[in-house]
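Below is the file upload.cif, which contains mmCIF, C-alpha atoms and all ligand atoms.
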```
data_protein
loop_
_atom_site.label_atom_id
_atom_site.label_comp_id
_atom_site.auth_asym_id
_atom_site.auth_seq_id
_atom_site.Cartn_x
_atom_site.Cartn_y
_atom_site.Cartn_z
CA MET Q 1 -5.62 -18.41 4.88
CA SER Q 2 -5.80 -21.64 6.82
CA THR Q 3 -7.88 -21.74 9.98
CA VAL Q 4 -6.42 -22.44 13.39
CA TYR Q 5 -9.11 -23.99 15.56
CA LEU Q 6 -8.56 -23.32 19.27
CA ASP Q 7 -12.09 -23.98 20.52
CA HIS Q 8 -11.96 -27.70 21.30
CA ALA Q 9 -13.76 -27.19 24.63
CA ALA Q 10 -16.80 -26.09 22.60
CA THR Q 11 -16.59 -29.12 20.34
CA THR Q 12 -13.75 -31.18 18.89
CA PRO Q 13 -13.51 -33.07 15.58
CA MET Q 14 -14.51 -36.71 15.55
CA ALA Q 15 -11.76 -39.26 15.97
CA ASP Q 16 -11.26 -41.59 12.98
CA VAL Q 17 -12.28 -44.63 15.03
CA ALA Q 18 -15.54 -42.90 15.95
CA VAL Q 19 -16.31 -42.02 12.32
CA GLU Q 20 -15.64 -45.63 11.33
CA ALA Q 21 -17.75 -47.11 14.14
CA MET Q 22 -20.60 -44.76 13.37
CA THR Q 23 -20.61 -45.08 9.61
CA ALA Q 24 -20.56 -48.87 9.93
CA GLN Q 25 -24.02 -48.56 11.52
CA LEU Q 26 -25.61 -45.91 9.33
CA ARG Q 27 -26.99 -48.22 6.65
CA ALA Q 28 -28.08 -50.96 9.04
CA VAL Q 29 -31.72 -51.27 10.00
CA GLY Q 30 -33.03 -52.24 13.41
CA ASN Q 31 -34.62 -50.65 16.43
CA ALA Q 32 -32.71 -51.81 19.49
CA SER Q 33 -36.04 -52.57 21.17
CA SER Q 34 -37.32 -54.84 18.36
CA LEU Q 35 -37.37 -58.57 18.98
CA HIS Q 36 -36.41 -59.80 15.49
CA ALA Q 37 -32.88 -60.45 14.27
CA SER Q 38 -32.27 -56.88 13.03
CA GLY Q 39 -33.45 -55.50 16.34
CA ARG Q 40 -31.28 -57.93 18.26
CA ARG Q 41 -28.28 -56.91 16.13
CA ALA Q 42 -28.90 -53.25 16.95
CA ARG Q 43 -29.33 -54.11 20.63
CA ARG Q 44 -26.00 -55.96 20.55
CA VAL Q 45 -24.25 -52.84 19.24
CA VAL Q 46 -25.83 -50.74 22.00
CA GLU Q 47 -24.90 -53.22 24.73
CA GLU Q 48 -21.34 -53.64 23.48
CA SER Q 49 -21.03 -49.84 23.43
CA ARG Q 50 -22.41 -49.65 26.95
CA GLU Q 51 -19.90 -52.26 28.11
CA SER Q 52 -16.95 -50.50 26.55
CA ILE Q 53 -17.95 -47.14 28.08
CA ALA Q 54 -18.41 -48.81 31.46
CA GLN Q 55 -15.02 -50.50 31.19
CA ALA Q 56 -13.30 -47.23 30.25
CA LEU Q 57 -14.92 -45.21 33.04
CA GLY Q 58 -14.94 -47.63 35.97
CA CYS Q 59 -18.64 -48.33 36.26
CA ARG Q 60 -20.99 -51.23 35.60
CA PRO Q 61 -22.70 -51.43 32.19
CA GLY Q 62 -26.09 -51.13 33.89
CA GLU Q 63 -25.00 -47.76 35.26
CA VAL Q 64 -24.70 -46.15 31.82
CA ILE Q 65 -27.85 -44.28 30.72
CA PHE Q 66 -27.60 -42.93 27.17
CA THR Q 67 -28.87 -39.38 26.65
CA SER Q 68 -28.77 -36.75 23.93
CA GLY Q 69 -25.66 -35.15 25.46
CA GLY Q 70 -24.25 -33.42 28.51
CA THR Q 71 -27.12 -30.97 28.97
CA GLU Q 72 -29.71 -33.72 29.15
CA ALA Q 73 -27.52 -35.84 31.43
CA ASP Q 74 -27.13 -32.91 33.85
CA ASN Q 75 -30.87 -32.19 33.75
CA LEU Q 76 -31.72 -35.84 34.37
CA ALA Q 77 -29.36 -36.07 37.33
CA LEU Q 78 -30.42 -32.82 38.98
CA LYS Q 79 -34.18 -32.92 38.42
CA GLY Q 80 -34.35 -36.72 38.63
CA LEU Q 81 -32.50 -36.81 41.95
CA TYR Q 82 -34.25 -33.77 43.38
CA TRP Q 83 -37.71 -35.15 42.63
CA SER Q 84 -36.99 -38.69 43.81
CA ARG Q 85 -35.43 -37.47 47.06
CA ARG Q 86 -38.31 -35.09 47.70
CA ALA Q 87 -40.83 -37.86 46.99
CA GLU Q 88 -39.16 -39.83 49.81
CA ASP Q 89 -38.95 -36.82 52.12
CA SER Q 90 -40.56 -33.53 51.18
CA GLY Q 91 -38.24 -31.64 53.53
CA ARG Q 92 -35.23 -32.16 51.23
CA HIS Q 93 -35.53 -28.92 49.31
CA ARG Q 94 -31.94 -27.63 49.39
CA ILE Q 95 -29.41 -28.17 46.60
CA LEU Q 96 -25.80 -27.22 47.16
CA SER Q 97 -23.87 -26.24 44.06
CA THR Q 98 -20.79 -24.22 43.14
CA ALA Q 99 -20.95 -20.76 41.64
CA VAL Q 100 -18.93 -21.82 38.59
CA GLU Q 101 -21.08 -24.60 37.10
CA HIS Q 102 -21.95 -24.71 33.40
CA HIS Q 103 -25.37 -23.40 32.39
CA ALA Q 104 -26.46 -27.02 31.83
CA VAL Q 105 -26.36 -27.24 35.64
CA LEU Q 106 -27.08 -23.65 36.70
CA ASP Q 107 -30.22 -23.27 34.61
CA PRO Q 108 -32.00 -26.47 35.72
CA LEU Q 109 -31.16 -25.50 39.31
CA HIS Q 110 -32.61 -22.06 38.73
CA TRP Q 111 -35.69 -23.66 37.19
CA LEU Q 112 -36.12 -26.02 40.17
CA GLY Q 113 -35.89 -22.97 42.40
CA GLU Q 114 -38.52 -21.05 40.42
CA HIS Q 115 -40.99 -23.86 39.82
CA GLU Q 116 -40.37 -26.72 42.24
CA GLY Q 117 -39.65 -25.08 45.58
CA ALA Q 118 -35.90 -25.82 45.59
CA THR Q 119 -33.56 -23.61 47.57
CA ILE Q 120 -30.18 -23.33 45.86
CA ALA Q 121 -27.08 -22.53 47.90
CA GLU Q 122 -23.91 -21.71 45.98
CA VAL Q 123 -20.62 -22.71 47.53
CA PRO Q 124 -18.12 -19.91 46.87
CA VAL Q 125 -14.85 -20.50 44.98
CA ASP Q 126 -11.36 -19.02 45.38
CA ALA Q 127 -9.51 -16.87 42.85
CA SER Q 128 -8.59 -19.95 40.79
CA GLY Q 129 -12.18 -21.23 40.72
CA ARG Q 130 -11.82 -24.02 43.32
CA LEU Q 131 -14.68 -24.45 45.73
CA ASP Q 132 -14.26 -23.71 49.41
CA GLY Q 133 -14.52 -27.09 51.20
CA ASP Q 134 -15.12 -25.48 54.59
CA ALA Q 135 -18.01 -23.44 53.22
CA LEU Q 136 -19.50 -26.62 51.74
CA ARG Q 137 -19.20 -28.47 55.06
CA THR Q 138 -20.80 -25.54 56.90
CA LEU Q 139 -23.71 -25.40 54.44
CA LEU Q 140 -24.21 -29.16 54.72
CA ALA Q 141 -24.09 -29.12 58.52
CA GLU Q 142 -26.55 -26.21 58.83
CA GLU Q 143 -29.56 -28.38 58.20
CA PRO Q 144 -28.40 -31.70 56.75
CA ALA Q 145 -31.86 -33.26 56.61
CA SER Q 146 -32.99 -30.54 54.20
CA VAL Q 147 -30.30 -31.24 51.57
CA GLY Q 148 -31.51 -33.10 48.50
CA LEU Q 149 -28.19 -33.27 46.69
CA VAL Q 150 -24.81 -31.67 46.09
CA THR Q 151 -23.51 -30.91 42.61
CA ALA Q 152 -19.93 -29.95 41.76
CA MET Q 153 -18.35 -30.07 38.32
CA TRP Q 154 -15.26 -32.20 37.78
CA ALA Q 155 -13.47 -29.56 35.70
CA ASN Q 156 -14.52 -26.09 34.63
CA ASN Q 157 -15.20 -25.47 30.94
CA GLU Q 158 -14.05 -21.84 30.96
CA VAL Q 159 -10.84 -21.76 32.98
CA GLY Q 160 -10.03 -25.48 33.34
CA THR Q 161 -9.91 -25.62 37.15
CA THR Q 162 -10.73 -28.98 38.75
CA GLN Q 163 -12.80 -29.31 41.92
CA PRO Q 164 -11.69 -31.25 45.01
CA LEU Q 165 -14.27 -33.98 44.42
CA PRO Q 166 -12.92 -36.42 47.06
CA ASP Q 167 -13.54 -33.72 49.70
CA VAL Q 168 -17.00 -33.00 48.32
CA VAL Q 169 -17.92 -36.70 48.34
CA ALA Q 170 -16.54 -37.21 51.86
CA ALA Q 171 -18.45 -34.21 53.20
CA ALA Q 172 -21.74 -35.25 51.52
CA GLU Q 173 -21.33 -38.89 52.57
CA GLU Q 174 -21.25 -37.89 56.24
CA HIS Q 175 -24.84 -36.76 55.84
CA GLY Q 176 -25.95 -39.43 53.36
CA VAL Q 177 -26.42 -36.83 50.60
CA PRO Q 178 -25.93 -37.90 46.94
CA VAL Q 179 -23.39 -36.08 44.73
CA HIS Q 180 -23.69 -35.29 41.03
CA THR Q 181 -20.70 -34.24 38.97
CA ASP Q 182 -20.63 -32.68 35.53
CA ALA Q 183 -17.59 -34.38 34.01
CA VAL Q 184 -18.31 -33.22 30.45
CA GLN Q 185 -14.92 -31.51 30.11
CA ALA Q 186 -13.03 -34.05 32.20
CA VAL Q 187 -13.68 -37.38 30.48
CA GLY Q 188 -10.88 -38.06 28.03
CA SER Q 189 -8.79 -35.15 29.34
CA LEU Q 190 -8.23 -36.31 32.93
CA PRO Q 191 -8.35 -39.75 34.56
CA VAL Q 192 -12.03 -40.37 35.41
CA ASP Q 193 -13.16 -43.45 37.33
CA PHE Q 194 -16.81 -43.41 38.40
CA ALA Q 195 -16.58 -46.00 41.18
CA ALA Q 196 -13.35 -44.61 42.61
CA ALA Q 197 -14.73 -41.05 42.56
CA GLY Q 198 -17.59 -42.16 44.83
CA VAL Q 199 -20.11 -39.86 43.17
CA ASP Q 200 -23.70 -40.97 42.58
CA THR Q 201 -24.18 -39.55 39.09
CA LEU Q 202 -21.76 -38.29 36.43
CA ALA Q 203 -22.55 -36.51 33.15
CA LEU Q 204 -20.46 -36.89 30.00
CA SER Q 205 -20.85 -35.78 26.41
CA SER Q 206 -19.65 -37.45 23.22
CA HIS Q 207 -18.79 -34.39 21.10
CA LYS Q 208 -16.32 -33.07 23.66
CA LEU Q 209 -14.10 -36.13 23.39
CA GLY Q 210 -14.04 -37.05 19.71
CA GLY Q 211 -17.46 -38.64 19.26
CA PRO Q 212 -20.51 -37.43 17.34
CA LEU Q 213 -22.76 -34.57 18.43
CA GLY Q 214 -26.14 -35.25 20.02
CA VAL Q 215 -25.26 -38.15 22.29
CA GLY Q 216 -23.92 -38.49 25.81
CA ALA Q 217 -24.57 -40.41 28.99
CA LEU Q 218 -25.41 -40.16 32.61
CA LEU Q 219 -23.58 -42.67 34.78
CA ALA Q 220 -25.91 -43.39 37.70
CA ARG Q 221 -25.41 -45.85 40.53
CA ARG Q 222 -27.70 -48.83 40.09
CA GLU Q 223 -29.49 -48.46 43.39
CA LEU Q 224 -30.18 -44.76 42.86
CA LEU Q 225 -33.76 -43.65 42.26
CA LEU Q 226 -34.12 -41.08 39.49
CA THR Q 227 -37.47 -39.64 38.47
CA PRO Q 228 -37.59 -39.71 34.65
CA LEU Q 229 -37.88 -36.46 32.68
CA VAL Q 230 -38.98 -38.17 29.47
CA HIS Q 231 -41.73 -40.78 29.42
CA GLY Q 232 -42.43 -43.27 26.66
CA GLY Q 233 -41.15 -46.69 25.68
CA GLY Q 234 -39.29 -47.34 28.92
CA GLN Q 235 -35.80 -47.55 27.43
CA GLU Q 236 -32.70 -47.04 29.59
CA ARG Q 237 -33.93 -48.48 32.91
CA ASP Q 238 -37.23 -46.69 32.35
CA VAL Q 239 -35.40 -43.47 33.17
CA ARG Q 240 -34.90 -42.12 29.66
CA SER Q 241 -37.43 -43.26 27.09
CA GLY Q 242 -36.87 -42.88 23.36
CA THR Q 243 -35.54 -45.05 20.53
CA LEU Q 244 -31.79 -45.36 20.90
CA ASP Q 245 -29.54 -43.76 18.28
CA VAL Q 246 -27.45 -46.82 17.50
CA PRO Q 247 -24.91 -45.22 15.09
CA ALA Q 248 -24.28 -42.29 17.45
CA ILE Q 249 -23.90 -44.60 20.44
CA ALA Q 250 -21.41 -46.77 18.52
CA GLY Q 251 -19.38 -43.66 17.57
CA PHE Q 252 -19.56 -42.33 21.12
CA ALA Q 253 -18.29 -45.59 22.62
CA ALA Q 254 -15.40 -45.79 20.14
CA ALA Q 255 -14.43 -42.21 20.99
CA VAL Q 256 -14.56 -42.81 24.75
CA GLU Q 257 -12.43 -45.95 24.43
CA GLU Q 258 -9.84 -44.17 22.28
CA ALA Q 259 -9.73 -41.00 24.41
CA VAL Q 260 -9.38 -42.90 27.66
CA LYS Q 261 -6.73 -45.26 26.22
CA HIS Q 262 -4.53 -42.33 25.20
CA GLN Q 263 -5.54 -39.94 27.99
CA ALA Q 264 -2.26 -39.87 29.92
CA GLU Q 265 0.07 -39.31 26.97
CA GLU Q 266 -2.31 -36.89 25.28
CA ALA Q 267 -2.66 -34.86 28.49
CA GLU Q 268 1.11 -34.62 28.70
CA ARG Q 269 1.35 -33.48 25.08
CA LEU Q 270 -1.39 -30.89 25.59
CA ARG Q 271 0.20 -29.60 28.80
CA GLY Q 272 3.37 -28.97 26.80
CA LEU Q 273 1.39 -27.08 24.16
CA ARG Q 274 -0.44 -25.12 26.87
CA ARG Q 275 2.88 -24.01 28.40
CA ARG Q 276 4.05 -22.93 24.95
CA LEU Q 277 0.81 -20.99 24.48
CA VAL Q 278 0.98 -19.31 27.90
CA ASP Q 279 4.65 -18.33 27.35
CA GLY Q 280 3.87 -16.99 23.89
CA VAL Q 281 0.86 -14.95 25.03
CA ARG Q 282 2.87 -13.47 27.90
CA ARG Q 283 5.69 -12.57 25.54
CA GLU Q 284 3.36 -10.79 23.10
CA VAL Q 285 1.03 -9.23 25.69
CA PRO Q 286 3.00 -8.88 28.94
CA ASP Q 287 0.02 -7.57 30.95
CA ALA Q 288 -2.28 -10.47 29.94
CA VAL Q 289 -3.60 -12.26 33.03
CA LEU Q 290 -3.83 -16.05 33.05
CA ASN Q 291 -7.05 -17.13 34.79
CA GLY Q 292 -7.53 -20.48 36.49
CA PRO Q 293 -4.69 -22.95 36.97
CA PRO Q 294 -1.11 -21.58 36.74
CA ALA Q 295 1.13 -22.28 33.75
CA GLU Q 296 2.88 -25.24 35.43
CA ASP Q 297 -0.34 -26.77 36.76
CA GLU Q 298 -0.66 -30.56 36.51
CA GLU Q 299 -4.22 -30.90 37.81
CA GLY Q 300 -6.42 -28.66 35.70
CA LEU Q 301 -7.66 -29.40 32.19
CA PRO Q 302 -4.53 -29.82 30.08
CA GLY Q 303 -5.97 -28.12 27.00
CA ILE Q 304 -7.47 -24.89 28.36
CA ALA Q 305 -5.71 -21.54 28.73
CA HIS Q 306 -7.91 -18.62 29.69
CA PHE Q 307 -6.67 -15.03 29.71
CA SER Q 308 -7.90 -11.54 30.47
CA PHE Q 309 -6.49 -8.87 28.16
CA PRO Q 310 -6.75 -5.54 30.00
CA GLY Q 311 -8.20 -2.75 27.87
CA CYS Q 312 -9.83 -5.14 25.37
CA GLU Q 313 -13.42 -6.20 24.85
CA GLY Q 314 -13.23 -10.02 24.66
CA ASP Q 315 -15.75 -10.19 21.84
CA SER Q 316 -13.92 -7.66 19.66
CA LEU Q 317 -10.64 -9.46 20.20
CA LEU Q 318 -12.34 -12.74 19.29
CA MET Q 319 -13.62 -11.25 16.01
CA LEU Q 320 -10.23 -9.73 15.18
CA LEU Q 321 -8.52 -13.09 15.75
CA ASP Q 322 -11.22 -14.78 13.70
CA ALA Q 323 -10.53 -12.39 10.81
CA ASN Q 324 -6.90 -13.50 11.12
CA GLY Q 325 -7.82 -17.18 10.93
CA VAL Q 326 -7.70 -18.01 14.65
CA GLU Q 327 -10.89 -19.37 16.20
CA CYS Q 328 -11.36 -19.22 19.96
CA SER Q 329 -14.06 -18.35 22.47
CA THR Q 330 -14.88 -15.94 25.25
CA GLY Q 331 -15.99 -19.03 27.14
CA SER Q 332 -19.05 -17.27 28.47
CA ALA Q 333 -22.63 -16.99 27.30
CA CYS Q 334 -24.04 -14.34 25.05
CA ALA Q 335 -27.69 -13.48 25.74
CA ALA Q 336 -29.55 -12.22 22.65
CA GLY Q 337 -26.34 -10.94 21.11
CA VAL Q 338 -25.37 -8.96 24.21
CA PRO Q 339 -22.07 -10.15 25.67
CA GLN Q 340 -22.41 -11.08 29.33
CA PRO Q 341 -19.50 -11.01 31.74
CA SER Q 342 -18.63 -14.60 32.64
CA HIS Q 343 -20.32 -15.78 35.86
CA VAL Q 344 -17.27 -17.99 36.39
CA LEU Q 345 -14.82 -15.08 36.44
CA LEU Q 346 -17.17 -12.98 38.57
CA ALA Q 347 -17.38 -15.86 41.08
CA MET Q 348 -13.57 -15.99 41.05
CA GLY Q 349 -13.55 -12.38 42.22
CA ARG Q 350 -12.83 -10.59 38.95
CA ASP Q 351 -14.69 -7.35 38.25
CA GLU Q 352 -17.02 -6.98 35.24
CA GLU Q 353 -14.34 -5.21 33.23
CA GLY Q 354 -11.85 -8.05 33.79
CA ALA Q 355 -14.52 -10.66 33.10
CA ARG Q 356 -15.46 -9.01 29.80
CA SER Q 357 -11.89 -8.77 28.56
CA SER Q 358 -11.30 -12.51 28.50
CA LEU Q 359 -10.70 -15.22 25.93
CA ARG Q 360 -10.44 -18.99 26.19
CA PHE Q 361 -8.02 -20.90 23.97
CA SER Q 362 -8.72 -24.62 24.07
CA LEU Q 363 -6.53 -27.31 22.54
CA GLY Q 364 -7.58 -30.77 21.37
CA HIS Q 365 -6.33 -33.95 19.74
CA PRO Q 366 -5.53 -32.35 16.36
CA SER Q 367 -3.76 -29.30 17.91
CA THR Q 368 -0.09 -28.74 17.08
CA ALA Q 369 2.73 -26.39 18.04
CA ALA Q 370 2.15 -24.64 14.69
CA ASP Q 371 -1.42 -23.80 15.81
CA VAL Q 372 -0.10 -22.27 19.00
CA ASP Q 373 2.56 -20.32 17.12
CA ALA Q 374 -0.04 -18.98 14.67
CA LEU Q 375 -2.14 -17.68 17.56
CA VAL Q 376 0.88 -16.09 19.20
CA ALA Q 377 1.89 -14.43 15.92
CA ALA Q 378 -1.61 -13.00 15.37
CA LEU Q 379 -2.26 -11.95 18.95
CA GLY Q 380 -0.10 -8.84 19.48
CA PRO Q 381 -1.50 -6.78 16.56
CA CYS Q 382 -5.07 -7.94 17.34
CA VAL Q 383 -4.76 -6.85 20.99
CA GLU Q 384 -3.41 -3.46 19.85
CA ARG Q 385 -6.37 -3.00 17.53
CA ALA Q 386 -8.89 -4.14 20.14
CA ARG Q 387 -7.41 -1.65 22.60
CA ALA Q 388 -7.50 1.16 20.06
CA ALA Q 389 -11.13 0.34 19.19
CA ARG Q 390 -12.07 0.45 22.87
CA ALA Q 391 -10.17 3.70 23.53
N1 LIG Q 401 -21.25 -29.21 30.96
C1 LIG Q 401 -20.09 -28.64 30.59
C2 LIG Q 401 -19.02 -28.44 31.62
C3 LIG Q 401 -19.88 -28.27 29.26
O1 LIG Q 401 -18.72 -27.71 28.90
C4 LIG Q 401 -20.93 -28.48 28.32
C5 LIG Q 401 -20.78 -28.02 26.93
O2 LIG Q 401 -20.22 -26.97 26.68
C6 LIG Q 401 -22.12 -29.10 28.76
C7 LIG Q 401 -22.24 -29.44 30.08
C8 LIG Q 401 -23.23 -29.39 27.80
O3 LIG Q 401 -22.94 -30.52 27.03
P1 LIG Q 401 -23.69 -30.79 25.63
O4 LIG Q 401 -23.13 -29.83 24.64
O5 LIG Q 401 -23.36 -32.21 25.28
O6 LIG Q 401 -25.15 -30.61 25.87
#
```
Translate this file's structure into structure tokens.
Ligand code: PLP
Amino acid sequence: MSTVYLDHAATTPMADVAVEAMTAQLRAVGNASSLHASGRRARRVVEESRESIAQALGCRPGEVIFTSGGTEADNLALKGLYWSRRAEDSGRHRILSTAVEHHAVLDPLHWLGEHEGATIAEVPVDASGRLDGDALRTLLAEEPASVGLVTAMWANNEVGTTQPLPDVVAAAEEHGVPVHTDAVQAVGSLPVDFAAAGVDTLALSSHKLGGPLGVGALLARRELLLTPLVHGGGQERDVRSGTLDVPAIAGFAAAVEEAVKHQAEEAERLRGLRRRLVDGVRREVPDAVLNGPPAEDEEGLPGIAHFSFPGCEGDSLLMLLDANGVECSTGSACAAGVPQPSHVLLAMGRDEEGARSSLRFSLGHPSTAADVDALVAALGPCVERARAARA
């Protein structure tokens, strides 16, 4: 039985160009901070990678800070900004966020609340997962001088909904408040331009777009003060110490370049596959509910289709599909083996039952119509069995 992989939002295979760029570095020696020729060679690879990422994403090379991935980039932006803003003015204790952020944002915010005196205000979202701009403006205007930062993800990893970032940036700008965006799912899937977006920091992750695991970046405006989380050798503008992983950075840069170059045509291809998937699921399971952007949507993530299957436990359905060679995700976290209803769906107004009965199918660069058809063929009997098991 061949496997159909429909979990590209969790991680996607490396692109050939990324494998080539990375393997070309694996046998080379040289610490990018060393002064001798081998060190300078390694440094050149890092700086060329930085330049190509900057070029692809509309920022200056000096604005790219390499990290170990999206989680670290989000942590650096949120804690780094919060601490530096509070050091300037201790009254800036509020952080405005949306209720549908990834745990890489939610958990550091929670931690800042528990340990560092932050007050977190969550901007509500509508039934599709889009934040309420009026609520954000009201929260900002309540006590603008107390706001340290605003964070709003570019695109949601569970349901694929995009946030109205231009509105967020405009509202925050009125009060001189910096904006962070988690663009981990957006880069490579949607057009992303750092300067044009007007945000202050932006997190991205290599393994979501065809690069290696364990590397990512925070794009941070040059003039922005960020308090470092990691202290040591002073690498990366003294904001993120640690010897740079030259092969991973080379692979990451090659993947970003490739994904951004083909973004528009690939998004169109994936939107076609998504429509096929949505039609097929609805045909096989007529009462399935599509969450997030509608089938014809042109703004959300092109590769994500998220459904609730009434009467099913999402996890059982996932395991039944897995046994039939189809790999997907519930999209939500599982704490110590106990399935949790997705905080994203709850914020979108679904009840616990609806939130627990959901699955995310996510498409990526290797996905084909045959993958979609295999899912559709397996789905009906699996849903029947999941319903019978539950009953
Ligand atoms: N933010 C979002 C929206 C994500 O989807 C993920 C990964 O699932 C992350 C952050 C974390 O990124 P990483 O796996 O590189 O730590």
Inset, instruction - Point out the residue among Q:Asp16, Q:Glu384, Q:Asp89, Q:Glu158 with the least atom-to-atom distance to ligand LIG 401 (chain Q), counting all atoms listed in the file. - result: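 Result for the nearest residue to ligand LIG 401 (chain Q): Q:Glu158.
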Inset, instruction - May I ask for the distance between atom CA of Q:Asn75 and atom CA of Q:Ala104, given in Å to one decimal place? - result: 7.1 Å
Legend entry - Straight-line distance linking atom CA of Q:Thr3 with atom CA of Q:His365, stated in Å to one decimal: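 According to the coordinates, atom CA of Q:Thr3 and atom CA of Q:His365 are separated by 15.7 Å.
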Inset, instruction - Taking all atoms listed in the file into account, report as number ranges by chain which residues have an atom no farther than 6 Å from an atom of ligand LIG 401 (chain Q). - result: Q: 10, 69-71, 102, 104, 156-157, 182, 184-185, 205
Legend entry - All residues 8 Å or closer to Q:Val125, only C-alpha atoms, same chain fewer than 3 positions away omitted, as a VMD selection string: chain Q and resid 98 to 100 128 to 132 347 to 348
Inset, instruction - Please provide the set of residues having any atom within 7 Å of Q:Pro166, restricted to all atoms listed in the file, with same-chain residues fewer than 3 positions apart removed, written as number ranges by chain. - result: Q: 169-170, 197
Okay, now the selection with C-alpha atoms, as a tab-separated table (two decimals), in the coordinates of the input?
```
chain	number	residue	atom	x	y	z
Q	169	VAL	CA	-17.92	-36.70	48.34
Q	170	ALA	CA	-16.54	-37.21	51.86
Q	197	ALA	CA	-14.73	-41.05	42.56
```
Inset, instruction - Just the residues within 7 Å of Q:Phe307, please, counting all atoms listed in the file, with nothing from its chain fewer than 5 positions along; format it as a PyMOL selection string. - result: chain Q and resi 288-291+358-360
Legend entry - For atom CA of Q:Gly148 and atom CA of Q:Pro108, the interatomic separation in Å (one decimal): 14.4 Å
Legend entry - Residue with smallest distance to Q:Ala323 - pool Q:Val147, Q:Ala378, Q:Leu229, Q:Leu112, counting all atoms listed in the file: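 Result for the nearest residue to Q:Ala323: Q:Ala378.
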Legend entry - 9 Å contact set for Q:Arg385, all atoms listed in the file, chain neighbours under 6 positions out, as a PyMOL selection string: chain Q and resi 312+317+320
Inset, instruction - Name the residues in contact with Q:Gly303 at a cut-off of 12 Å, using all atoms listed in the file, excluding same-chain residues fewer than 3 positions from it; report them as a VMD selection string. - result: chain Q and resid 6 to 10 12 155 to 161 185 to 186 188 to 190 208 to 209 263 266 to 278 293 295 297 to 300 306 360 to 368 372
How about saving the chosen residues, C-alpha atoms kept, as a tab-separated table (two decimals), keeping the file's coordinate frame?
```tsv
chain	number	residue	atom	x	y	z
Q	6	LEU	CA	-8.56	-23.32	19.27
Q	7	ASP	CA	-12.09	-23.98	20.52
Q	8	HIS	CA	-11.96	-27.70	21.30
Q	9	ALA	CA	-13.76	-27.19	24.63
Q	10	ALA	CA	-16.80	-26.09	22.60
Q	12	THR	CA	-13.75	-31.18	18.89
Q	155	ALA	CA	-13.47	-29.56	35.70
Q	156	ASN	CA	-14.52	-26.09	34.63
Q	157	ASN	CA	-15.20	-25.47	30.94
Q	158	GLU	CA	-14.05	-21.84	30.96
Q	159	VAL	CA	-10.84	-21.76	32.98
Q	160	GLY	CA	-10.03	-25.48	33.34
Q	161	THR	CA	-9.91	-25.62	37.15
Q	185	GLN	CA	-14.92	-31.51	30.11
Q	186	ALA	CA	-13.03	-34.05	32.20
Q	188	GLY	CA	-10.88	-38.06	28.03
Q	189	SER	CA	-8.79	-35.15	29.34
Q	190	LEU	CA	-8.23	-36.31	32.93
Q	208	LYS	CA	-16.32	-33.07	23.66
Q	209	LEU	CA	-14.10	-36.13	23.39
Q	263	GLN	CA	-5.54	-39.94	27.99
Q	266	GLU	CA	-2.31	-36.89	25.28
Q	267	ALA	CA	-2.66	-34.86	28.49
Q	268	GLU	CA	1.11	-34.62	28.70
Q	269	ARG	CA	1.35	-33.48	25.08
Q	270	LEU	CA	-1.39	-30.89	25.59
Q	271	ARG	CA	0.20	-29.60	28.80
Q	272	GLY	CA	3.37	-28.97	26.80
Q	273	LEU	CA	1.39	-27.08	24.16
Q	274	ARG	CA	-0.44	-25.12	26.87
Q	275	ARG	CA	2.88	-24.01	28.40
Q	276	ARG	CA	4.05	-22.93	24.95
Q	277	LEU	CA	0.81	-20.99	24.48
Q	278	VAL	CA	0.98	-19.31	27.90
Q	293	PRO	CA	-4.69	-22.95	36.97
Q	295	ALA	CA	1.13	-22.28	33.75
Q	297	ASP	CA	-0.34	-26.77	36.76
Q	298	GLU	CA	-0.66	-30.56	36.51
Q	299	GLU	CA	-4.22	-30.90	37.81
Q	300	GLY	CA	-6.42	-28.66	35.70
Q	306	HIS	CA	-7.91	-18.62	29.69
Q	360	ARG	CA	-10.44	-18.99	26.19
Q	361	PHE	CA	-8.02	-20.90	23.97
Q	362	SER	CA	-8.72	-24.62	24.07
Q	363	LEU	CA	-6.53	-27.31	22.54
Q	364	GLY	CA	-7.58	-30.77	21.37
Q	365	HIS	CA	-6.33	-33.95	19.74
Q	366	PRO	CA	-5.53	-32.35	16.36
Q	367	SER	CA	-3.76	-29.30	17.91
Q	368	THR	CA	-0.09	-28.74	17.08
Q	372	VAL	CA	-0.10	-22.27	19.00
```
Within 10 Å of stretch 54-59 of chain Q: each stretch 203-266 of chain Q residue with its shortest pair, all atoms listed in the file, as a Markdown table:
```
| residue | atom | partner | partner_atom | distance |
| --- | --- | --- | --- | --- |
| Q:Leu219 | CA | Q:Cys59 | CA | 7.7 |
| Q:Ala220 | CA | Q:Cys59 | CA | 8.9 |
| Q:Arg221 | CA | Q:Cys59 | CA | 8.4 |
| Q:Arg222 | CA | Q:Cys59 | CA | 9.8 |
| Q:Ala253 | CA | Q:Ala56 | CA | 9.3 |
| Q:Val256 | CA | Q:Ala56 | CA | 7.2 |
| Q:Glu257 | CA | Q:Ala56 | CA | 6.0 |
| Q:Glu258 | CA | Q:Ala56 | CA | 9.2 |
| Q:Ala259 | CA | Q:Ala56 | CA | 9.3 |
| Q:Val260 | CA | Q:Ala56 | CA | 6.4 |
| Q:Lys261 | CA | Q:Ala56 | CA | 8.0 |
```
Inset, instruction - Return the single residue from Q:Ser146, Q:Thr201, Q:Ser332, Q:Gln163 that is closest to Q:Leu301, with distances computed using all atoms listed in the file. - result: Q:Gln163
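You can rank Q:Leu202, Q:Leu375, Q:Leu139, Q:Ala196 by their closest distance to Q:Glu284 using only C-alpha atoms, and at the top of that list sits Q:Leu375.
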